[in-house]
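So the structure is just underneath, and the comments pick up after that.
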Amino acid sequence: MTGADVLLLALGAVAVGAGALVVATRHLVRAGLWLVVCLGALAGDYLVLTAELVAWVQVLIYVGAVVVLLLFAVMLTRAPIGPSDDLDRPGWAAALVGAGSGLGLAVLLIDAFRWSRVDLPDAGTAERLGEQIFRSWVLPFEVLSVLLLAALVGAIVLSRPDIGRSKASSPADGDRTGGGAPVGAAQPADEGGRP
């Protein structure tokens, strides 16, 4: 076992542990931060496997964009930051599904490859990877960008309570944010004459 194998196993253990903490924590923001650790460990695995471009793409896109988008969505929707009882559910069903899926994948891979050796292709370059992405994989690449755009627009819509509200709301509806006067209604003036 070489030093690269040890480092690969150590980073894999960090990624698995951080992934377990993502689903086990009761704090939504901490779950996002543990996701950063998990994705960073995966980027480290890619570096050990000498896939530097994939590692930096992982850091830039997943750690730098998706997690930041997740944290902004949490802040924009005014979700509870502290511990939430909604996130504290019995985990035995999820653990059972996860263990079953992991065992099934392990059996499938062991049965498919046994102890056979696989010849690795030549090391890839950024030029070859770009040709593959923008020739063979251009549709999934564009679908992912549309998905990220939809998530951003959805976060903005959820953060604005005035979007989608009819202009002629009844006085009984009140303001959704505070239960006061309806939107557009005249506010009572204070002693200085300011509303």
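Here's how to read the names in the structure tokens: chain A, B, ... by the order shown, residue numbers from 1 in each chain, ligand numbers from 1 in the order shown.
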
Give the alpha helix (DSSP H) residues of range 96-139 of chain A, as assigned by DSSP on the backbone, as a VMD selection string. chain A and resid 96 to 113 126 to 135 138 to 139

Please produce a file of the residues just selected, as a CSV table (one decimal), in the first residue's frame, where the atoms kept are N, CA, C and O atoms.
```csv
chain,number,residue,atom,x,y,z
A,96,LEU,N,-31.2,2.1,7.1
A,96,LEU,CA,-31.5,0.8,6.4
A,96,LEU,C,-31.4,0.9,4.9
A,96,LEU,O,-30.8,0.1,4.2
A,97,VAL,N,-32.0,2.0,4.3
A,97,VAL,CA,-31.9,2.2,2.9
A,97,VAL,C,-30.5,2.4,2.4
A,97,VAL,O,-30.0,1.9,1.4
A,98,GLY,N,-29.7,3.3,3.2
A,98,GLY,CA,-28.3,3.6,2.8
A,98,GLY,C,-27.5,2.3,2.9
A,98,GLY,O,-26.6,2.1,2.0
A,99,ALA,N,-27.6,1.5,4.0
A,99,ALA,CA,-26.8,0.3,4.1
A,99,ALA,C,-27.2,-0.7,3.0
A,99,ALA,O,-26.3,-1.3,2.5
A,100,GLY,N,-28.4,-0.8,2.7
A,100,GLY,CA,-28.8,-1.7,1.7
A,100,GLY,C,-28.3,-1.3,0.3
A,100,GLY,O,-27.8,-2.1,-0.5
A,101,SER,N,-28.3,0.0,0.0
A,101,SER,CA,-27.8,0.5,-1.2
A,101,SER,C,-26.3,0.3,-1.3
A,101,SER,O,-25.8,-0.1,-2.4
A,102,GLY,N,-25.6,0.6,-0.2
A,102,GLY,CA,-24.1,0.4,-0.2
A,102,GLY,C,-23.8,-1.1,-0.4
A,102,GLY,O,-22.8,-1.4,-1.1
A,103,LEU,N,-24.5,-1.9,0.3
A,103,LEU,CA,-24.2,-3.4,0.2
A,103,LEU,C,-24.5,-3.9,-1.2
A,103,LEU,O,-23.7,-4.6,-1.8
A,104,GLY,N,-25.6,-3.4,-1.8
A,104,GLY,CA,-25.9,-3.8,-3.2
A,104,GLY,C,-24.9,-3.3,-4.2
A,104,GLY,O,-24.5,-4.1,-5.1
A,105,LEU,N,-24.4,-2.1,-4.0
A,105,LEU,CA,-23.4,-1.6,-4.9
A,105,LEU,C,-22.1,-2.3,-4.8
A,105,LEU,O,-21.4,-2.6,-5.7
A,106,ALA,N,-21.7,-2.7,-3.5
A,106,ALA,CA,-20.5,-3.4,-3.3
A,106,ALA,C,-20.5,-4.8,-3.9
A,106,ALA,O,-19.6,-5.2,-4.6
A,107,VAL,N,-21.6,-5.5,-3.7
A,107,VAL,CA,-21.8,-6.8,-4.3
A,107,VAL,C,-21.7,-6.7,-5.8
A,107,VAL,O,-21.1,-7.5,-6.5
A,108,LEU,N,-22.4,-5.7,-6.4
A,108,LEU,CA,-22.4,-5.5,-7.9
A,108,LEU,C,-21.0,-5.3,-8.4
A,108,LEU,O,-20.6,-5.9,-9.4
A,109,LEU,N,-20.2,-4.4,-7.8
A,109,LEU,CA,-18.9,-4.1,-8.2
A,109,LEU,C,-17.9,-5.3,-8.0
A,109,LEU,O,-17.1,-5.6,-8.9
A,110,ILE,N,-18.1,-6.0,-6.9
A,110,ILE,CA,-17.2,-7.1,-6.7
A,110,ILE,C,-17.5,-8.2,-7.7
A,110,ILE,O,-16.6,-8.9,-8.3
A,111,ASP,N,-18.8,-8.5,-8.0
A,111,ASP,CA,-19.2,-9.5,-9.0
A,111,ASP,C,-18.8,-9.1,-10.4
A,111,ASP,O,-18.4,-9.9,-11.2
A,112,ALA,N,-18.8,-7.8,-10.7
A,112,ALA,CA,-18.5,-7.4,-12.1
A,112,ALA,C,-17.0,-7.4,-12.3
A,112,ALA,O,-16.5,-7.8,-13.4
A,113,PHE,N,-16.1,-7.0,-11.3
A,113,PHE,CA,-14.7,-6.9,-11.6
A,113,PHE,C,-13.9,-8.0,-11.0
A,113,PHE,O,-12.8,-8.3,-11.5
A,126,ALA,N,-7.1,19.2,-20.4
A,126,ALA,CA,-8.2,20.1,-20.4
A,126,ALA,C,-8.8,20.2,-21.8
A,126,ALA,O,-10.0,20.3,-21.9
A,127,GLU,N,-8.0,20.1,-22.8
A,127,GLU,CA,-8.5,20.1,-24.2
A,127,GLU,C,-9.4,18.9,-24.5
A,127,GLU,O,-10.5,19.1,-25.1
A,128,ARG,N,-8.9,17.7,-24.1
A,128,ARG,CA,-9.7,16.5,-24.4
A,128,ARG,C,-11.0,16.5,-23.6
A,128,ARG,O,-12.1,16.1,-24.1
A,129,LEU,N,-10.9,17.0,-22.4
A,129,LEU,CA,-12.1,17.0,-21.5
A,129,LEU,C,-13.1,18.1,-22.1
A,129,LEU,O,-14.3,17.8,-22.1
A,130,GLY,N,-12.6,19.2,-22.5
A,130,GLY,CA,-13.5,20.2,-23.1
A,130,GLY,C,-14.2,19.7,-24.4
A,130,GLY,O,-15.4,20.0,-24.6
A,131,GLU,N,-13.5,18.9,-25.2
A,131,GLU,CA,-14.1,18.3,-26.4
A,131,GLU,C,-15.2,17.4,-26.1
A,131,GLU,O,-16.2,17.4,-26.7
A,132,GLN,N,-15.0,16.6,-25.0
A,132,GLN,CA,-16.0,15.6,-24.6
A,132,GLN,C,-17.2,16.3,-24.1
A,132,GLN,O,-18.4,16.0,-24.4
A,133,ILE,N,-17.0,17.4,-23.2
A,133,ILE,CA,-18.1,18.1,-22.6
A,133,ILE,C,-19.0,18.8,-23.7
A,133,ILE,O,-20.2,18.7,-23.7
A,134,PHE,N,-18.3,19.5,-24.6
A,134,PHE,CA,-19.0,20.4,-25.5
A,134,PHE,C,-19.4,19.7,-26.8
A,134,PHE,O,-20.0,20.3,-27.7
A,135,ARG,N,-19.1,18.4,-26.9
A,135,ARG,CA,-19.5,17.6,-28.1
A,135,ARG,C,-20.5,16.6,-27.7
A,135,ARG,O,-21.7,16.5,-28.1
A,138,VAL,N,-23.0,18.0,-24.1
A,138,VAL,CA,-23.5,19.4,-24.1
A,138,VAL,C,-24.9,19.5,-23.5
A,138,VAL,O,-25.2,20.4,-22.8
A,139,LEU,N,-25.8,18.6,-23.8
A,139,LEU,CA,-27.2,18.7,-23.3
A,139,LEU,C,-27.3,18.5,-21.8
A,139,LEU,O,-27.9,19.4,-21.1
```

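Excluding Ala10 in chain A and any residue on its chain fewer than 3 positions from it, the residues at most 12 Å away by only C-alpha atoms are Gly3, Ala4, Asp5, Val6, Leu7, Ala13, Val14, Ala15, Val16, Gly17, Ala41, Leu42, Gly44, Asp45 and Val48 of chain A.
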
Residue selection dump (N, CA and C atoms) as a compact mmCIF listing (two decimals), in the first residue's frame:
```
# COMPACT_ATOMS: atom_id res chain seq x y z
N GLY A 3 1.68 5.54 -0.28
CA GLY A 3 1.21 6.74 0.41
C GLY A 3 -0.03 7.33 -0.25
N ALA A 4 -0.11 7.22 -1.59
CA ALA A 4 -1.30 7.71 -2.30
C ALA A 4 -2.54 6.92 -1.91
N ASP A 5 -2.37 5.60 -1.70
CA ASP A 5 -3.51 4.78 -1.27
C ASP A 5 -3.99 5.18 0.12
N VAL A 6 -3.04 5.42 1.01
CA VAL A 6 -3.40 5.84 2.37
C VAL A 6 -4.12 7.18 2.35
N LEU A 7 -3.59 8.11 1.56
CA LEU A 7 -4.22 9.44 1.46
C LEU A 7 -5.61 9.33 0.84
N ALA A 13 -12.55 8.56 3.94
CA ALA A 13 -13.17 8.48 5.27
C ALA A 13 -13.69 9.84 5.72
N VAL A 14 -12.95 10.91 5.42
CA VAL A 14 -13.42 12.26 5.75
C VAL A 14 -14.70 12.58 4.99
N ALA A 15 -14.73 12.21 3.70
CA ALA A 15 -15.92 12.49 2.89
C ALA A 15 -17.13 11.72 3.41
N VAL A 16 -16.95 10.45 3.76
CA VAL A 16 -18.06 9.65 4.27
C VAL A 16 -18.52 10.18 5.63
N GLY A 17 -17.58 10.52 6.50
CA GLY A 17 -17.95 11.06 7.81
C GLY A 17 -18.68 12.39 7.70
N ALA A 41 -13.29 17.11 0.44
CA ALA A 41 -12.57 15.84 0.53
C ALA A 41 -12.63 15.08 -0.79
N LEU A 42 -13.77 15.17 -1.47
CA LEU A 42 -13.86 14.54 -2.79
C LEU A 42 -12.91 15.20 -3.78
N GLY A 44 -10.11 16.54 -2.98
CA GLY A 44 -8.81 16.00 -2.61
C GLY A 44 -8.58 14.60 -3.18
N ASP A 45 -9.63 13.78 -3.20
CA ASP A 45 -9.52 12.46 -3.83
C ASP A 45 -9.19 12.59 -5.31
N VAL A 48 -5.54 13.36 -5.68
CA VAL A 48 -4.69 12.18 -5.48
C VAL A 48 -4.72 11.29 -6.73
```

Find the residue from A:Leu33, A:Val66, A:Thr25, A:Ala55 that sits nearest to Ser145 in chain A; use only C-alpha atoms when measuring.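 Among the listed residues, A:Val66 lies closest to Ser145 in chain A.
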
Residue nearest Val37 in chain A among A:Ala18, A:Ala51, A:Leu76, A:Ala24 (counting only C-alpha atoms):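 Ranked by minimum distance to Val37 in chain A, first place goes to A:Ala18.
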